[in-house]
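Report on one structure; see the data block that follows.
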Amino acid sequence: MNLRDFRYFLAAAEHRHLGRAAQACGVSQPTLSVQLRKLEATLGVALFERAPKGVVITPAGARLLPHASAALSEADAMLALARGLRDPLAGRFRLGIIPTLAPYLLPLVFAPLREALPGLEVEPWEDQTASLLERLRARELEALLLATDVPDRGLVSQPLFHEPFLAALPPGHALAAREMVAEADLANDILVLADGHCLRDQALAACGHGAASGGSLGGSLRATSLATLLNMVAAGYGTTLIPGLAAGLAQDAGLELRHLVHRTGRTVRMVWHGRSPRQKAVRAVAKIITDRLRGFDRAAATGST
């Protein structure tokens, strides 16, 4: 058995036709057919039933297919790691990022990253902070983009930029008549995200609530995404605080945005293993993000973002 035969196996299972599978693999159909028969002989089971119009995977083939797929994935990962070891600024770079940041930051930084680091394949993994930290500690991710500091001696945390919060108000809300809104004035009807999102605790703390509180409606309404939260505000259920990069989404939802009196916000950080062999790539990515967001805090404060 070899990896090439596994690729033929997966291609035949995907296309259910030996001719199309051979074309996808860049070989002749007789070559692919011969190698599949050799693989079947080695395994001692039939992988496919041949038919005039194609092939049908057998029950044995279906049981073996995930193992072939896993073997190829591990081989590809090994090759990617080796490329990264030869050139620290090349290969796959798995970057964890929280959901309240990913949709708004990634479109701003992907082009600069591709231009500055053409050999680096940035692969974003979106999840909540706790899950991302688990993946980082398991070495499943190279680095994380978080909005909270991490008190872990084994991890390095580097601030990248400050993101101010904005008050998001439904049209006609009493606070919309003000040029700036005091954070505490949002406390009576603030809506927040569900447990597990760091933005939830940050918003509650900014408005004077304890982390366990959810505002007047927190017990009955819980948004699992920032988009849902803004739709709830637009429907008149309350107010909320949003990170500055999400201002466009709030405006699209028809909300009134106001700056905050105390300029409350959050610091976006890059977090990685202190002994990571990809530290050069991590620091390069961090620098590009910092450069791209330089001055964002000041621009958001003047409403020129």
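A note on labels: chains of the structure tokens are A, B, ... as shown, every chain counts residues from 1, and ligands are counted from 1 in their shown order.
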
Residues of stretch 249-302 of chain A that have any atom at most 12 Å from an atom of stretch 126-139 of chain A: could you tabulate them with the shortest-distance atom pair and the distance in Å to one decimal, using only C-alpha atoms, ordered by chain and increasing number, as a Markdown table?
```
| residue | atom | partner | partner_atom | distance |
| --- | --- | --- | --- | --- |
| A:Arg269 | CA | A:Thr129 | CA | 11.9 |
| A:Met270 | CA | A:Leu136 | CA | 11.8 |
| A:Val271 | CA | A:Leu136 | CA | 8.9 |
| A:Trp272 | CA | A:Leu136 | CA | 7.3 |
| A:His273 | CA | A:Leu136 | CA | 7.6 |
| A:Gly274 | CA | A:Arg137 | CA | 10.9 |
| A:Arg275 | CA | A:Arg139 | CA | 10.9 |
| A:Ser276 | CA | A:Arg139 | CA | 8.8 |
| A:Pro277 | CA | A:Arg139 | CA | 10.8 |
| A:Arg278 | CA | A:Arg139 | CA | 11.1 |
```

Can you spit out the residues from that selection as a PDB file, in the first residue's frame, using N, CA and C atoms?
```pdb
ATOM      1  N   ARG A 269      -5.521  40.754  21.241  1.00  0.00           N
ATOM      2  CA  ARG A 269      -4.183  40.216  21.491  1.00  0.00           C
ATOM      3  C   ARG A 269      -3.908  38.998  20.631  1.00  0.00           C
ATOM      4  N   MET A 270      -2.640  38.794  20.329  1.00  0.00           N
ATOM      5  CA  MET A 270      -2.170  37.539  19.746  1.00  0.00           C
ATOM      6  C   MET A 270      -1.611  36.689  20.879  1.00  0.00           C
ATOM      7  N   VAL A 271      -2.024  35.437  20.942  1.00  0.00           N
ATOM      8  CA  VAL A 271      -1.589  34.521  22.001  1.00  0.00           C
ATOM      9  C   VAL A 271      -0.997  33.273  21.352  1.00  0.00           C
ATOM     10  N   TRP A 272       0.156  32.804  21.864  1.00  0.00           N
ATOM     11  CA  TRP A 272       0.777  31.614  21.299  1.00  0.00           C
ATOM     12  C   TRP A 272       1.653  30.938  22.352  1.00  0.00           C
ATOM     13  N   HIS A 273       2.098  29.714  22.043  1.00  0.00           N
ATOM     14  CA  HIS A 273       2.985  28.967  22.934  1.00  0.00           C
ATOM     15  C   HIS A 273       4.357  29.628  22.981  1.00  0.00           C
ATOM     16  N   GLY A 274       4.897  29.754  24.189  1.00  0.00           N
ATOM     17  CA  GLY A 274       6.218  30.347  24.338  1.00  0.00           C
ATOM     18  C   GLY A 274       7.313  29.541  23.672  1.00  0.00           C
ATOM     19  N   ARG A 275       7.096  28.230  23.478  1.00  0.00           N
ATOM     20  CA  ARG A 275       8.104  27.374  22.851  1.00  0.00           C
ATOM     21  C   ARG A 275       7.694  26.947  21.446  1.00  0.00           C
ATOM     22  N   SER A 276       6.775  27.641  20.858  1.00  0.00           N
ATOM     23  CA  SER A 276       6.305  27.278  19.524  1.00  0.00           C
ATOM     24  C   SER A 276       7.421  27.390  18.498  1.00  0.00           C
ATOM     25  N   PRO A 277       7.560  26.392  17.604  1.00  0.00           N
ATOM     26  CA  PRO A 277       8.556  26.503  16.534  1.00  0.00           C
ATOM     27  C   PRO A 277       8.128  27.484  15.442  1.00  0.00           C
ATOM     28  N   ARG A 278       6.894  27.994  15.513  1.00  0.00           N
ATOM     29  CA  ARG A 278       6.388  28.919  14.491  1.00  0.00           C
ATOM     30  C   ARG A 278       6.389  30.368  14.980  1.00  0.00           C
TER      31      ARG A 278
END
```

message: With only C-alpha atoms as the counted atoms, please give the residues lying no more than 10 Å from stretch 43-58 of chain A, apart from itself and same-chain residues fewer than 3 positions off, as a ChimeraX atom specification.
response: /A:1,9,12-20,36-40,61-65

- request: Write out as a ChimeraX atom specification the residues lying within 12 Å of A:Pro118, counting only C-alpha atoms and excluding same-chain residues fewer than 2 positions away.
  value: /A:87,89-93,110-116,120-122,281,285

- prompt: as a PyMOL selection string, which residues of stretch 47-139 of chain A does DSSP assign to strand (DSSP E)?
  reply: chain A and resi 48-51+54-57+91-97+120-126

Store the residues picked out above in a file with N, CA and C atoms, as a compact mmCIF listing (two decimals), in the first residue's frame.
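Saved as out28.txt:
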```
# COMPACT_ATOMS: atom_id res chain seq x y z
N PHE A 48 -14.89 -1.74 -4.45
CA PHE A 48 -15.93 -1.24 -5.33
C PHE A 48 -16.58 -2.39 -6.09
N GLU A 49 -17.82 -2.17 -6.43
CA GLU A 49 -18.52 -3.04 -7.38
C GLU A 49 -18.53 -2.33 -8.72
N ARG A 50 -17.97 -2.97 -9.76
CA ARG A 50 -17.91 -2.36 -11.07
C ARG A 50 -19.24 -2.49 -11.79
N ALA A 51 -19.63 -1.42 -12.48
CA ALA A 51 -20.86 -1.39 -13.26
C ALA A 51 -20.59 -0.63 -14.55
N GLY A 54 -20.36 3.12 -13.97
CA GLY A 54 -19.58 3.66 -12.87
C GLY A 54 -19.22 2.58 -11.86
N VAL A 55 -18.93 3.00 -10.64
CA VAL A 55 -18.61 2.07 -9.56
C VAL A 55 -19.42 2.44 -8.32
N VAL A 56 -19.68 1.45 -7.49
CA VAL A 56 -20.40 1.64 -6.24
C VAL A 56 -19.51 1.12 -5.12
N ILE A 57 -19.28 1.92 -4.11
CA ILE A 57 -18.42 1.50 -3.03
C ILE A 57 -19.09 0.39 -2.23
N GLY A 91 3.88 27.53 4.58
CA GLY A 91 3.08 26.41 5.07
C GLY A 91 1.79 26.85 5.73
N ARG A 92 1.05 25.87 6.25
CA ARG A 92 -0.24 26.15 6.87
C ARG A 92 -0.04 26.83 8.22
N PHE A 93 -0.86 27.84 8.47
CA PHE A 93 -0.81 28.59 9.73
C PHE A 93 -2.23 28.65 10.28
N ARG A 94 -2.50 27.84 11.30
CA ARG A 94 -3.86 27.74 11.86
C ARG A 94 -4.04 28.80 12.94
N LEU A 95 -4.94 29.73 12.66
CA LEU A 95 -5.13 30.91 13.52
C LEU A 95 -6.52 30.87 14.13
N GLY A 96 -6.59 30.70 15.45
CA GLY A 96 -7.87 30.74 16.14
C GLY A 96 -8.33 32.18 16.35
N ILE A 97 -9.63 32.42 16.25
CA ILE A 97 -10.14 33.78 16.39
C ILE A 97 -11.57 33.73 16.92
N LEU A 120 2.64 31.73 3.25
CA LEU A 120 1.92 31.33 4.46
C LEU A 120 0.45 31.13 4.14
N GLU A 121 -0.08 29.97 4.46
CA GLU A 121 -1.48 29.66 4.21
C GLU A 121 -2.25 29.82 5.52
N VAL A 122 -2.81 31.01 5.73
CA VAL A 122 -3.53 31.29 6.97
C VAL A 122 -4.89 30.60 6.94
N GLU A 123 -5.11 29.76 7.94
CA GLU A 123 -6.36 28.98 8.04
C GLU A 123 -7.08 29.39 9.33
N PRO A 124 -8.14 30.21 9.24
CA PRO A 124 -8.82 30.66 10.46
C PRO A 124 -9.70 29.59 11.07
N TRP A 125 -9.70 29.51 12.39
CA TRP A 125 -10.57 28.62 13.17
C TRP A 125 -11.37 29.49 14.12
N GLU A 126 -12.66 29.60 13.91
CA GLU A 126 -13.51 30.48 14.71
C GLU A 126 -14.17 29.69 15.85
```

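Closest approach to A:Leu193 among A:Ser225, A:Ala234, A:Pro171, A:Pro59: A:Ser225, based on only C-alpha atoms.
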
message: With only C-alpha atoms as the counted atoms, please give the residues lying no more than 6 Å from A:Ala168, apart from itself and same-chain residues fewer than 2 positions off, as a ChimeraX atom specification.
response: /A:239-241,256-257

Kindly save the residues from that selection, with C-alpha atoms included, as a CSV table (one decimal), in the first residue's frame.
```csv
chain,number,residue,atom,x,y,z
A,239,THR,CA,-29.6,48.4,23.8
A,240,THR,CA,-26.2,46.9,23.6
A,241,LEU,CA,-22.4,47.6,23.3
A,256,GLU,CA,-28.1,54.4,16.0
A,257,LEU,CA,-24.5,54.3,17.1
```

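Taking atom CA of A:Pro103 and atom CA of A:Gly248 as endpoints, the distance between them is 11.2 Å.
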
- request: Write out as a VMD selection string all residues of stretch 19-224 of chain A that backbone DSSP assigns to alpha helix (DSSP H).
  value: chain A and resid 19 to 25 29 to 43 59 to 86 102 to 116 129 to 137 198 to 206

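Comparing the minimum interatomic distances between A:Ala176 and each of A:Gly244, A:Leu260, A:His162, A:Cys207, counting only C-alpha atoms, we find that A:Leu260 sits nearest.
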
- request: Pick out the residues sitting within 7 Å of A:Val181, and hand them over as a ChimeraX atom specification; count only C-alpha atoms, and ignore anything fewer than 4 positions along from it in its own chain.
  value: /A:175,258-261

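Minimum atom-to-atom distances from A:Glu74, A:Ala102, A:His67, A:Arg266 to A:Asp201 were compared using only C-alpha atoms, and the lowest value belongs to A:Arg266.
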
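Atom CA of A:Leu199 sits 22.5 Å away from atom CA of A:Arg292.
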
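The two atoms in question, atom CA of A:Ala246 and atom CA of A:Asn188, are spaced 22.8 Å apart.
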
- request: Find the residues near A:Pro159: any atom within 10 Å, counting only C-alpha atoms, skip ones fewer than 5 places away on the same chain, and give them as a PyMOL selection string.
  value: chain A and resi 145-149+267-271+286+290

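Of the listed residues (A:Leu229, A:Gln23, A:Ala60, A:Gly154), A:Leu229 comes nearest to A:Ile190; the distances count only C-alpha atoms.
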